[in-house]
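Student: I am sharing model.txt, which consists of compact mmCIF, C-alpha atoms:
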```txt
# COMPACT_ATOMS: atom_id res chain seq x y z
CA MET A 231 15.54 -7.96 -14.08
CA ARG A 232 19.19 -8.05 -13.11
CA THR A 233 21.92 -5.64 -11.98
CA GLY A 234 22.20 -3.75 -15.26
CA ASN A 235 18.59 -2.62 -14.92
CA ALA A 236 18.51 -2.29 -11.13
CA VAL A 237 16.16 0.35 -9.75
CA TRP A 238 16.39 2.23 -6.47
CA ILE A 239 13.69 3.93 -4.45
CA THR A 240 15.21 7.36 -3.79
CA GLY A 241 12.21 9.27 -2.47
CA VAL A 242 9.08 8.53 -0.45
CA GLY A 243 5.94 10.59 0.08
CA THR A 244 3.28 9.09 2.27
CA ALA A 245 0.28 9.71 4.46
CA THR A 246 -1.05 6.91 6.65
CA PRO A 247 -3.17 6.75 9.80
CA LEU A 248 0.18 6.71 11.63
CA GLY A 249 1.59 9.95 10.17
CA THR A 250 1.99 12.20 7.16
CA THR A 251 5.71 11.60 6.57
CA PHE A 252 7.84 8.50 6.12
CA GLU A 253 9.57 9.06 9.46
CA GLU A 254 6.29 9.44 11.35
CA SER A 255 4.80 6.34 9.74
CA ALA A 256 7.98 4.32 10.30
CA ASP A 257 8.00 5.36 13.96
CA GLY A 258 4.37 4.27 14.26
CA PHE A 259 4.91 0.89 12.60
CA LEU A 260 7.84 0.01 14.83
CA ALA A 261 6.12 1.30 17.96
CA GLY A 262 3.12 -0.91 17.25
CA ARG A 263 0.85 2.13 17.25
CA CYS A 264 -2.75 1.65 16.14
CA GLY A 265 -4.47 4.22 13.91
CA ILE A 266 -7.95 2.70 14.21
CA ARG A 267 -10.56 4.73 16.09
CA PRO A 268 -14.30 5.51 16.03
CA VAL A 269 -15.49 7.23 12.84
CA THR A 270 -16.59 10.79 13.69
CA ARG A 271 -16.58 12.70 10.40
CA LEU A 272 -19.53 10.68 9.07
CA ASP A 273 -22.87 9.59 10.48
CA VAL A 274 -22.24 5.89 11.00
CA SER A 275 -25.01 5.22 13.49
CA GLU A 276 -26.69 2.73 11.15
CA GLN A 277 -23.49 1.11 9.91
CA PRO A 278 -22.57 -2.38 11.17
CA SER A 279 -18.94 -1.26 11.54
CA ARG A 280 -18.38 2.19 13.03
CA ILE A 281 -14.59 2.19 13.29
CA ALA A 282 -11.84 2.90 10.78
CA ALA A 283 -8.26 4.09 10.36
CA GLY A 284 -8.94 7.45 8.73
CA ILE A 285 -6.89 10.52 7.87
CA ASP A 286 -8.99 13.53 8.74
CA THR A 287 -6.82 16.34 7.36
CA LEU A 288 -3.69 16.83 5.30
CA PRO A 289 -1.41 19.86 5.45
CA ALA A 290 -0.77 21.83 2.29
CA PRO A 291 2.66 21.02 0.83
CA PRO A 292 5.35 23.65 1.58
CA GLY A 293 4.90 26.72 -0.60
CA TRP A 294 1.34 25.83 -1.62
CA ASP A 295 -1.63 28.11 -1.12
CA GLU A 296 -3.61 26.48 1.69
CA GLN A 297 -6.99 27.55 0.33
CA ALA A 298 -6.21 26.24 -3.15
CA PHE A 299 -5.01 22.93 -1.71
CA ALA A 300 -8.14 22.64 0.45
CA GLY A 301 -10.22 23.16 -2.72
CA LEU A 302 -8.92 19.92 -4.21
CA GLY A 303 -10.89 16.71 -3.74
CA TRP A 304 -9.75 14.55 -0.84
CA ALA A 305 -8.14 11.89 -3.04
CA GLU A 306 -6.49 14.62 -5.11
CA GLN A 307 -5.03 16.14 -1.95
CA LEU A 308 -3.64 12.77 -0.92
CA PHE A 309 -1.97 12.06 -4.26
CA VAL A 310 -0.59 15.60 -4.57
CA TRP A 311 0.76 15.53 -1.02
CA CYS A 312 2.52 12.21 -1.59
CA ALA A 313 3.89 13.25 -4.99
CA VAL A 314 5.33 16.54 -3.75
CA GLN A 315 6.89 14.89 -0.71
CA ALA A 316 8.45 12.10 -2.79
CA LEU A 317 9.96 14.57 -5.25
CA ARG A 318 11.29 16.76 -2.43
CA ASP A 319 12.64 13.77 -0.57
CA ALA A 320 14.50 12.56 -3.65
CA GLY A 321 15.91 16.02 -4.41
CA TRP A 322 13.99 16.39 -7.69
CA TRP A 323 11.33 18.94 -6.75
CA GLU A 324 13.11 22.07 -7.99
CA ARG A 325 14.48 20.17 -10.99
CA ARG A 326 11.45 18.06 -11.88
CA SER A 327 11.31 19.47 -15.41
CA GLU A 328 14.84 18.26 -16.23
CA PRO A 329 14.40 14.45 -16.44
CA ARG A 330 11.82 12.54 -18.42
CA LEU A 331 9.73 12.01 -15.33
CA GLY A 332 7.00 9.36 -15.53
CA LEU A 333 3.92 9.04 -13.35
CA VAL A 334 2.10 5.77 -12.57
CA LEU A 335 -0.80 6.00 -10.11
CA GLY A 336 -2.57 3.00 -8.64
CA TYR A 337 -6.19 3.89 -7.96
CA GLY A 338 -9.41 1.91 -8.23
CA ALA A 339 -13.08 2.92 -8.20
CA GLU A 340 -12.21 6.56 -8.90
CA GLY A 341 -15.50 7.20 -10.67
CA LEU A 342 -17.60 5.68 -7.90
CA LEU A 343 -15.89 7.70 -5.18
CA GLY A 344 -16.23 10.91 -7.18
CA TRP A 345 -19.92 10.30 -7.78
CA GLU A 346 -20.46 9.52 -4.10
CA ALA A 347 -18.75 12.71 -2.94
CA ASP A 348 -20.74 14.77 -5.45
CA TRP A 349 -24.03 13.11 -4.45
CA GLN A 350 -23.40 13.91 -0.79
CA LYS A 351 -23.13 17.59 -1.74
CA GLY A 352 -26.43 17.46 -3.59
CA GLY A 353 -24.94 17.09 -7.06
CA ARG A 354 -26.05 14.82 -9.87
CA VAL A 355 -22.86 14.30 -11.86
CA VAL A 356 -23.61 10.57 -11.99
CA LEU A 357 -26.53 11.46 -14.29
CA HIS A 358 -24.57 14.04 -16.30
CA PRO A 359 -21.18 12.67 -17.35
CA GLU A 360 -20.37 15.90 -19.21
CA GLN A 361 -19.96 17.49 -15.77
CA GLU A 362 -17.26 15.04 -14.65
CA ARG A 363 -14.21 16.54 -12.95
CA ALA A 364 -10.74 15.98 -14.30
CA SER A 365 -9.22 12.65 -13.30
CA VAL A 366 -6.82 12.44 -10.36
CA LEU A 367 -4.04 11.66 -12.83
CA ASP A 368 -4.73 14.91 -14.71
CA VAL A 369 -4.92 16.93 -11.50
CA VAL A 370 -1.59 15.59 -10.22
CA ARG A 371 0.36 16.14 -13.42
CA GLN A 372 -1.14 19.59 -14.02
CA HIS A 373 -0.54 20.88 -10.50
CA LEU A 374 2.98 19.46 -10.45
CA GLU A 375 3.64 20.43 -14.10
CA LEU A 376 4.76 16.91 -15.01
CA THR A 377 5.09 16.45 -18.77
CA GLY A 378 6.37 12.87 -18.95
CA PRO A 379 4.28 9.79 -19.71
CA ALA A 380 1.52 9.16 -17.20
CA THR A 381 -1.04 6.45 -16.57
CA THR A 382 -3.35 4.98 -13.95
CA VAL A 383 -3.51 1.28 -13.12
CA ALA A 384 -6.15 -0.53 -11.08
CA ALA A 385 -5.79 -3.94 -9.49
CA ALA A 386 -7.87 -3.38 -6.36
CA CYS A 387 -5.76 -3.87 -3.23
CA ALA A 388 -2.73 -4.81 -5.35
CA SER A 389 -2.72 -1.52 -7.30
CA GLY A 390 0.34 -0.08 -5.56
CA ASN A 391 2.57 -3.05 -6.35
CA LEU A 392 1.38 -3.06 -9.96
CA ALA A 393 2.14 0.66 -10.29
CA LEU A 394 5.68 0.07 -9.03
CA ALA A 395 6.14 -2.81 -11.47
CA VAL A 396 4.96 -0.69 -14.43
CA ALA A 397 7.29 2.16 -13.44
CA ARG A 398 10.21 -0.25 -13.10
CA ARG A 399 9.49 -1.58 -16.58
CA TRP A 400 9.34 1.93 -18.07
CA LEU A 401 12.78 2.59 -16.61
CA ALA A 402 14.17 -0.67 -17.98
CA LEU A 403 12.84 0.18 -21.46
CA GLY A 404 14.40 3.65 -21.29
CA TRP A 405 11.06 5.42 -21.72
CA VAL A 406 11.70 7.60 -18.65
CA ASP A 407 14.70 8.76 -16.62
CA ALA A 408 12.86 8.59 -13.30
CA CYS A 409 9.32 7.71 -12.30
CA LEU A 410 6.83 8.49 -9.56
CA ALA A 411 4.73 5.44 -8.72
CA GLY A 412 2.47 4.16 -5.98
CA SER A 413 -1.13 4.21 -4.85
CA CYS A 414 -3.55 5.96 -2.51
CA ASP A 415 -7.19 5.61 -1.52
CA ARG A 416 -9.91 7.11 0.59
CA ALA A 417 -11.77 4.06 1.83
CA VAL A 418 -13.72 5.52 4.74
CA THR A 419 -16.91 6.66 3.01
CA PRO A 420 -20.59 5.81 3.54
CA MET A 421 -20.62 3.64 0.42
CA SER A 422 -17.50 1.70 1.41
CA LEU A 423 -18.65 1.18 4.99
CA GLY A 424 -22.11 0.16 3.82
CA GLY A 425 -20.95 -2.05 0.96
CA PHE A 426 -18.28 -3.94 2.85
CA GLY A 427 -20.51 -4.03 5.91
CA ASN A 428 -23.28 -5.70 3.92
CA LEU A 429 -20.77 -8.23 2.63
CA GLY A 430 -20.06 -9.13 6.25
CA VAL A 431 -16.30 -8.65 5.96
CA LEU A 432 -15.86 -5.78 8.44
CA SER A 433 -15.00 -6.19 12.09
CA SER A 434 -17.87 -5.60 14.50
CA ARG A 435 -15.58 -4.72 17.44
CA ASN A 436 -16.99 -1.20 17.63
CA GLU A 437 -16.30 -0.95 21.37
CA ASP A 438 -12.64 -1.92 20.95
CA PRO A 439 -11.23 -0.04 17.94
CA ARG A 440 -7.59 -0.65 18.78
CA GLY A 441 -8.16 -4.36 19.15
CA ALA A 442 -10.39 -4.78 16.12
CA SER A 443 -7.87 -5.64 13.39
CA ARG A 444 -6.14 -8.83 14.47
CA PRO A 445 -4.66 -10.72 11.50
CA PHE A 446 -3.83 -14.38 12.07
CA ASP A 447 -5.48 -14.32 15.49
CA ARG A 448 -8.01 -17.00 16.41
CA GLU A 449 -10.52 -14.26 17.37
CA ARG A 450 -10.29 -12.18 14.17
CA ASP A 451 -13.72 -11.24 12.83
CA GLY A 452 -13.07 -9.08 9.78
CA LEU A 453 -11.08 -6.22 8.31
CA VAL A 454 -11.14 -2.55 9.29
CA LEU A 455 -11.21 0.05 6.54
CA GLY A 456 -8.34 2.51 6.37
CA GLU A 457 -7.06 5.43 4.31
CA GLY A 458 -3.74 6.56 2.95
CA GLY A 459 -1.06 5.57 0.52
CA ALA A 460 2.37 6.44 -0.77
CA LEU A 461 4.23 7.45 -3.91
CA PHE A 462 7.83 6.45 -4.49
CA LEU A 463 10.49 8.02 -6.71
CA LEU A 464 12.21 5.29 -8.73
CA GLU A 465 15.53 5.77 -10.51
CA PRO A 466 18.05 3.53 -12.30
CA VAL A 467 20.98 2.79 -10.03
CA GLY A 468 23.49 4.45 -12.35
CA ARG A 469 21.68 7.79 -12.47
CA ALA A 470 20.99 7.72 -8.73
CA ARG A 471 24.63 7.04 -7.91
CA ARG A 472 25.91 9.77 -10.21
CA ARG A 473 23.89 12.39 -8.41
CA GLY A 474 24.66 10.99 -4.96
CA ALA A 475 21.05 10.06 -4.17
CA ARG A 476 20.05 8.27 -0.99
CA ALA A 477 18.56 4.81 -1.56
CA TYR A 478 15.75 3.52 0.62
CA ALA A 479 15.95 0.13 -1.09
CA GLU A 480 16.30 -1.62 -4.42
CA LEU A 481 13.03 -2.62 -6.05
CA ALA A 482 14.40 -6.05 -6.82
CA GLY A 483 11.54 -8.28 -7.93
CA PHE A 484 7.88 -8.49 -8.85
CA GLY A 485 5.42 -11.29 -9.48
CA ALA A 486 1.72 -11.35 -10.36
CA SER A 487 -1.10 -13.79 -10.99
CA SER A 488 -4.89 -14.01 -11.02
CA ASP A 489 -7.13 -16.44 -9.15
CA ALA A 490 -9.93 -16.36 -11.76
CA TYR A 491 -12.16 -17.59 -8.96
CA HIS A 492 -14.34 -15.06 -7.10
CA MET A 493 -14.76 -11.31 -6.72
CA VAL A 494 -14.02 -11.15 -2.98
CA ILE A 495 -13.15 -14.66 -1.76
CA PRO A 496 -9.59 -15.96 -2.23
CA SER A 497 -9.25 -19.11 -4.27
CA THR A 498 -9.37 -22.42 -2.42
CA ASP A 499 -6.43 -23.37 -4.64
CA SER A 500 -3.30 -21.55 -3.44
CA LYS A 501 -1.38 -22.08 -6.69
CA PRO A 502 -1.97 -18.55 -8.11
CA ALA A 503 -0.80 -16.82 -4.89
CA VAL A 504 2.15 -19.21 -4.72
CA ALA A 505 3.02 -18.38 -8.34
CA ALA A 506 3.10 -14.63 -7.64
CA MET A 507 5.54 -15.08 -4.75
CA ARG A 508 7.77 -17.47 -6.66
CA GLN A 509 7.88 -15.16 -9.68
CA ALA A 510 8.91 -12.22 -7.48
CA LEU A 511 11.68 -14.21 -5.80
CA ALA A 512 12.93 -15.54 -9.15
CA ASP A 513 12.82 -12.04 -10.68
CA ALA A 514 14.98 -10.78 -7.81
CA ALA A 515 17.28 -13.85 -8.02
CA VAL A 516 16.62 -14.40 -4.31
CA ASN A 517 16.77 -17.80 -2.63
CA LEU A 518 14.31 -18.70 0.11
CA ASP A 519 17.02 -18.65 2.77
CA GLU A 520 17.82 -15.03 1.86
CA VAL A 521 14.37 -13.71 2.78
CA ASP A 522 14.53 -11.97 6.16
CA TYR A 523 10.93 -10.82 6.49
CA VAL A 524 7.50 -11.22 4.89
CA ASN A 525 4.91 -8.45 5.08
CA ALA A 526 1.69 -10.37 4.64
CA HIS A 527 -1.39 -9.01 2.92
CA ALA A 528 -3.41 -10.48 5.81
CA THR A 529 -6.39 -8.22 6.45
CA SER A 530 -7.89 -9.96 9.51
CA THR A 531 -10.57 -11.95 7.67
CA PRO A 532 -10.97 -15.61 8.69
CA VAL A 533 -10.77 -16.96 5.14
CA GLY A 534 -8.15 -14.63 3.68
CA ASP A 535 -5.53 -14.96 6.41
CA SER A 536 -5.71 -18.74 6.41
CA ALA A 537 -5.42 -18.87 2.62
CA GLU A 538 -2.32 -16.68 2.63
CA ALA A 539 -0.73 -18.70 5.44
CA ARG A 540 -1.20 -21.88 3.38
CA ALA A 541 0.34 -20.23 0.33
CA LEU A 542 3.33 -19.04 2.35
CA GLY A 543 3.77 -22.55 3.72
CA THR A 544 3.82 -23.93 0.19
CA VAL A 545 6.40 -21.40 -1.01
CA PHE A 546 8.77 -21.65 1.95
CA GLY A 547 8.20 -25.22 3.09
CA GLU A 548 9.83 -25.98 6.43
CA ALA A 549 11.63 -22.62 6.25
CA ILE A 550 8.33 -20.86 6.98
CA ARG A 551 8.92 -21.65 10.65
CA ARG A 552 11.97 -19.40 10.70
CA VAL A 553 11.01 -16.58 8.29
CA PRO A 554 9.38 -13.77 10.33
CA VAL A 555 5.92 -12.73 9.10
CA SER A 556 3.77 -9.80 10.18
CA ALA A 557 0.63 -8.01 9.03
CA THR A 558 0.83 -4.25 9.44
CA LYS A 559 -2.83 -3.73 8.53
CA SER A 560 -3.39 -4.51 12.20
CA MET A 561 -2.23 -0.90 12.72
CA THR A 562 -3.35 0.94 9.58
CA GLY A 563 -6.49 -0.92 8.61
CA HIS A 564 -7.05 -1.86 4.98
CA SER A 565 -6.77 1.14 2.65
CA LEU A 566 -7.99 -0.81 -0.41
CA SER A 567 -6.20 0.63 -3.49
CA GLY A 568 -3.66 2.29 -1.21
CA ALA A 569 -2.89 -0.86 0.78
CA ALA A 570 0.10 -2.18 -1.18
CA ALA A 571 1.87 1.18 -1.01
CA VAL A 572 1.24 1.52 2.73
CA ASP A 573 2.62 -1.98 3.26
CA ALA A 574 5.68 -1.03 1.18
CA VAL A 575 6.29 1.89 3.55
CA ALA A 576 6.32 -0.61 6.44
CA CYS A 577 8.84 -2.73 4.52
CA LEU A 578 11.09 0.28 3.90
CA ALA A 579 10.88 1.05 7.61
CA ALA A 580 12.13 -2.48 8.34
CA LEU A 581 15.04 -2.08 5.92
CA GLN A 582 15.95 1.42 7.10
CA ARG A 583 15.60 0.78 10.83
CA GLN A 584 16.75 -2.88 10.84
CA ALA A 585 13.72 -3.97 12.81
CA LEU A 586 10.52 -5.86 11.99
CA PRO A 587 7.12 -4.21 12.49
CA PRO A 588 4.69 -6.36 14.45
CA THR A 589 1.22 -7.77 14.01
CA ILE A 590 -0.46 -6.10 16.95
CA ASN A 591 -3.39 -7.80 18.74
CA LEU A 592 -1.98 -11.22 17.89
CA THR A 593 -2.47 -12.80 21.31
CA ASP A 594 -3.93 -16.18 20.31
CA PRO A 595 -2.51 -17.30 16.94
CA ASP A 596 -4.84 -19.39 14.81
CA PRO A 597 -3.42 -22.92 14.34
CA ASP A 598 -4.46 -22.61 10.66
CA CYS A 599 -1.98 -19.72 10.40
CA ASP A 600 1.09 -21.54 11.66
CA LEU A 601 3.80 -19.01 10.84
CA CYS A 602 6.82 -17.40 12.49
CA HIS A 603 4.82 -14.43 13.75
CA VAL A 604 6.23 -11.09 14.85
CA ALA A 605 3.54 -10.71 17.47
CA CYS A 606 2.59 -7.52 19.32
CA GLN A 607 6.06 -5.93 19.49
CA ALA A 608 8.70 -4.97 16.93
CA ARG A 609 11.71 -7.23 16.65
CA PRO A 610 15.19 -5.73 16.06
CA GLN A 611 17.21 -7.87 13.65
CA PRO A 612 19.31 -7.58 10.48
CA VAL A 613 17.06 -7.13 7.45
CA ARG A 614 18.35 -7.27 3.89
CA VAL A 615 15.55 -8.82 1.80
CA VAL A 616 11.80 -8.48 2.32
CA LEU A 617 8.83 -9.94 0.48
CA SER A 618 5.57 -7.96 0.47
CA ASN A 619 2.29 -9.58 -0.58
CA SER A 620 -0.75 -7.68 -1.82
CA PHE A 621 -3.72 -9.76 -2.92
CA GLY A 622 -6.58 -7.74 -4.37
CA PHE A 623 -10.32 -8.28 -4.68
CA GLY A 624 -11.12 -10.20 -7.82
CA GLY A 625 -8.09 -12.42 -7.31
CA SER A 626 -5.30 -10.03 -8.33
CA ASN A 627 -2.19 -11.39 -6.60
CA THR A 628 1.07 -9.46 -6.48
CA SER A 629 4.33 -9.89 -4.59
CA LEU A 630 7.17 -7.42 -4.32
CA VAL A 631 10.79 -8.01 -3.29
CA LEU A 632 12.70 -5.09 -1.77
CA ARG A 633 16.41 -5.35 -1.03
CA LYS A 634 18.63 -3.23 1.19
CA VAL A 635 21.27 -1.26 -0.68
CA ALA A 636 24.74 -1.96 0.70
```
Just give me the structure of the file as structure tokens.
Tutor:
Amino acid sequence: MRTGNAVWITGVGTATPLGTTFEESADGFLAGRCGIRPVTRLDVSEQPSRIAAGIDTLPAPPGWDEQAFAGLGWAEQLFVWCAVQALRDAGWWERRSEPRLGLVLGYGAEGLLGWEADWQKGGRVVLHPEQERASVLDVVRQHLELTGPATTVAAACASGNLALAVARRWLALGWVDACLAGSCDRAVTPMSLGGFGNLGVLSSRNEDPRGASRPFDRERDGLVLGEGGALFLLEPVGRARRRGARAYAELAGFGASSDAYHMVIPSTDSKPAVAAMRQALADAAVNLDEVDYVNAHATSTPVGDSAEARALGTVFGEAIRRVPVSATKSMTGHSLSGAAAVDAVACLAALQRQALPPTINLTDPDPDCDLCHVACQARPQPVRVVLSNSFGFGGSNTSLVLRKVA
């Protein structure tokens, strides 16, 4: 996609373990603040991992009835909060009925999470599908009175990047004038903690929550679950310029592939991950020497981090020793379906603040992850082009290129 179809991000709504606005989250990323702490809202006494990066409460959006907002499901609150904030931030909230406004939500395992929440309350919806609640997509568009095309996409941890790619394509085809897109997830639940704990992929550093997520470090022992997400308002450059909109960045390129290998283990062959990155760079017409920063998917698992490091080495060759790489899940944990969107917020922070967020807890880099690490502290430097990787369970690989708007 080239200049004639260029798309800007003109609004951001987010909630992460570091804050419930873009500015708060950006501050947290660049301060190297950790949102991981002991889980207290659930009984986790029998769980192998008893730490997470949760979001305990969300405020009602301005002008909303607090009781009505509190009556929404937790995931519904998160999506509504992010959608309202993105529309307000972009200046479209009061005028949201004027454009053909699309909605693309990245969200996986919605049914499972709904059944789990209902079961905890003593319900039996799982046995009576006629009692199912409305989908999150329906709740968001009804509460926000959005009448444009709307859909949900699911690609596990890569859902947010895929949602942005679909929205960008809708804009290029002229199906919508503007589009809300992104992903969110509530990953800190008994089923998630138990399931991932039984798989043996969660960190067991229960006595050291802040030091538990340590991507690329020799002592990493597993991921930490997180919560959150973000929705972004996308607009064609021409429309955005005509109305004097602020641009966070250009959504410049996207690439995707599938491992076709295993449900949770990355492929031993790095070619699919390499292909996703190369497609994104080619789509953005970006050369390797133009990339200023890579936000790695790295979740702090021994196998996954090493696999991504090898793929990055293949893509960048010798240049990988000069291209700064960091993994911001060291601060936010891994929010599953919401992860790609949270990582995109970190990338926008880098572009807006001209500084690179760090991989905290990276005190002893693994020789198998021989990269140009941004370790422990943020690094001020000019940033124009960033590459963000999100590799989902099941082998869904996506890469996103974001470019600073001059």
Student: So how many Å separate atom CA of A:Ala364 and atom CA of A:Gly424, to one decimal?
Tutor: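 Separation of atom CA of A:Ala364 and atom CA of A:Gly424: 26.6 Å.
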Student: Mind listing as a ChimeraX atom specification all residues within 7 Å of (-8.3, -14.6, 9.2), counting all atoms listed in the file?
Tutor: /A:445-447,450,530-536
Student: Need the shell around A:Arg609: protein/DNA/RNA residues with any atom at most 8 Å away, counting only C-alpha atoms. Skip same-chain ones fewer than 3 positions apart. Format as an mmCIF file with C-alpha atoms, in the coordinates of the input?
Tutor:
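And here is the file that came out, part_32.cif:
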```
data_model
loop_
_atom_site.group_PDB
_atom_site.id
_atom_site.type_symbol
_atom_site.label_atom_id
_atom_site.label_comp_id
_atom_site.auth_asym_id
_atom_site.auth_seq_id
_atom_site.Cartn_x
_atom_site.Cartn_y
_atom_site.Cartn_z
ATOM 1 C CA ALA A 585 13.720 -3.970 12.810
ATOM 2 C CA LEU A 586 10.520 -5.860 11.990
ATOM 3 C CA PRO A 587 7.120 -4.210 12.490
ATOM 4 C CA PRO A 588 4.690 -6.360 14.450
ATOM 5 C CA VAL A 604 6.230 -11.090 14.850
#
```
Student: What separation in Å, quoted to one decimal, exists between atom CA of A:Val616 and atom CA of A:Ala460?
Tutor: 17.9 Å
Student: Counting only C-alpha atoms, what is within 9 Å of A:Ala347, bar same-chain residues fewer than 4 positions away, as a ChimeraX atom specification?
Tutor: /A:303,342-343,351,353,419
Student: Using all atoms listed in the file, determine which residues lie at most 12 Å from A:Asp273, disregarding the query and same-chain residues fewer than 6 positions distant; provide the list as a list in words.
Tutor: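 Counting all atoms listed in the file, the residues come to Ser279, Arg280, Ile281, Val418, Thr419, Pro420, Met421, Leu423 and Gly424 of chain A.
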Student: Measuring between only C-alpha atoms, which one of A:Ala514, A:Leu578, A:Ala541, A:Ala305 shows the shortest distance to A:Val631?
Tutor: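 Of the candidates, the smallest distance to A:Val631 is held by A:Ala514.
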Student: Leaving out A:Ser422 and any residue of its chain fewer than 3 positions from it, which residues lie within 12 Å of it when counting all atoms listed in the file, given as a PyMOL selection string?
Tutor: chain A and resi 272+274+277-280+282+339+342-343+346-347+415-419+425-429+431-432+454-457+564-566
Student: A:Pro329: which residues within 8 Å, counting all atoms listed in the file, same-chain residues fewer than 6 positions away excluded, as a list in words?
Tutor: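 What passes the distance filter is Val406, Asp407 and Ala408 of chain A.
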Student: How far is it from atom CA of A:Asp573 to atom CA of A:Gln611, in Å with one decimal?
Tutor: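 So the two atoms, atom CA of A:Asp573 and atom CA of A:Gln611, lie 18.9 Å apart.
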Student: Measuring between only C-alpha atoms, which one of A:Gly344, A:Thr529, A:Gly284, A:Val572 shows the shortest distance to A:Ala442?
Tutor: A:Thr529
Student: Around all the atoms of stretch 489-503 of chain A listed in the file, with 3 Å of room on each side, what axis-aligned box do you get, giving centre and edge lengths in Å to one decimal, as JSON?
Tutor:
```
{"center_x": -7.8, "center_y": -17.3, "center_z": -6.8, "size_x": 20.0, "size_y": 18.2, "size_z": 16.0}
```
Student: From the list A:Phe462, A:Asn591, A:Leu394, A:Ser629, which residue is nearest A:Ala510 when using all atoms listed in the file?
Tutor: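 Smallest separation from A:Ala510 among the options: A:Ser629.
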Student: Identify the residues within 7 Å of coordinate (8.4, 6.6, -11.3) (same frame as the file), considering all atoms listed in the file, and give the answer as a list of chain:residue names.
Tutor: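 With a cut-off of 7 Å, the residues come to A:Leu331, A:Gly332, A:Leu333, A:Val334, A:Ala397, A:Ala408, A:Cys409, A:Leu410, A:Ala411, A:Phe462, A:Leu463, A:Leu464.
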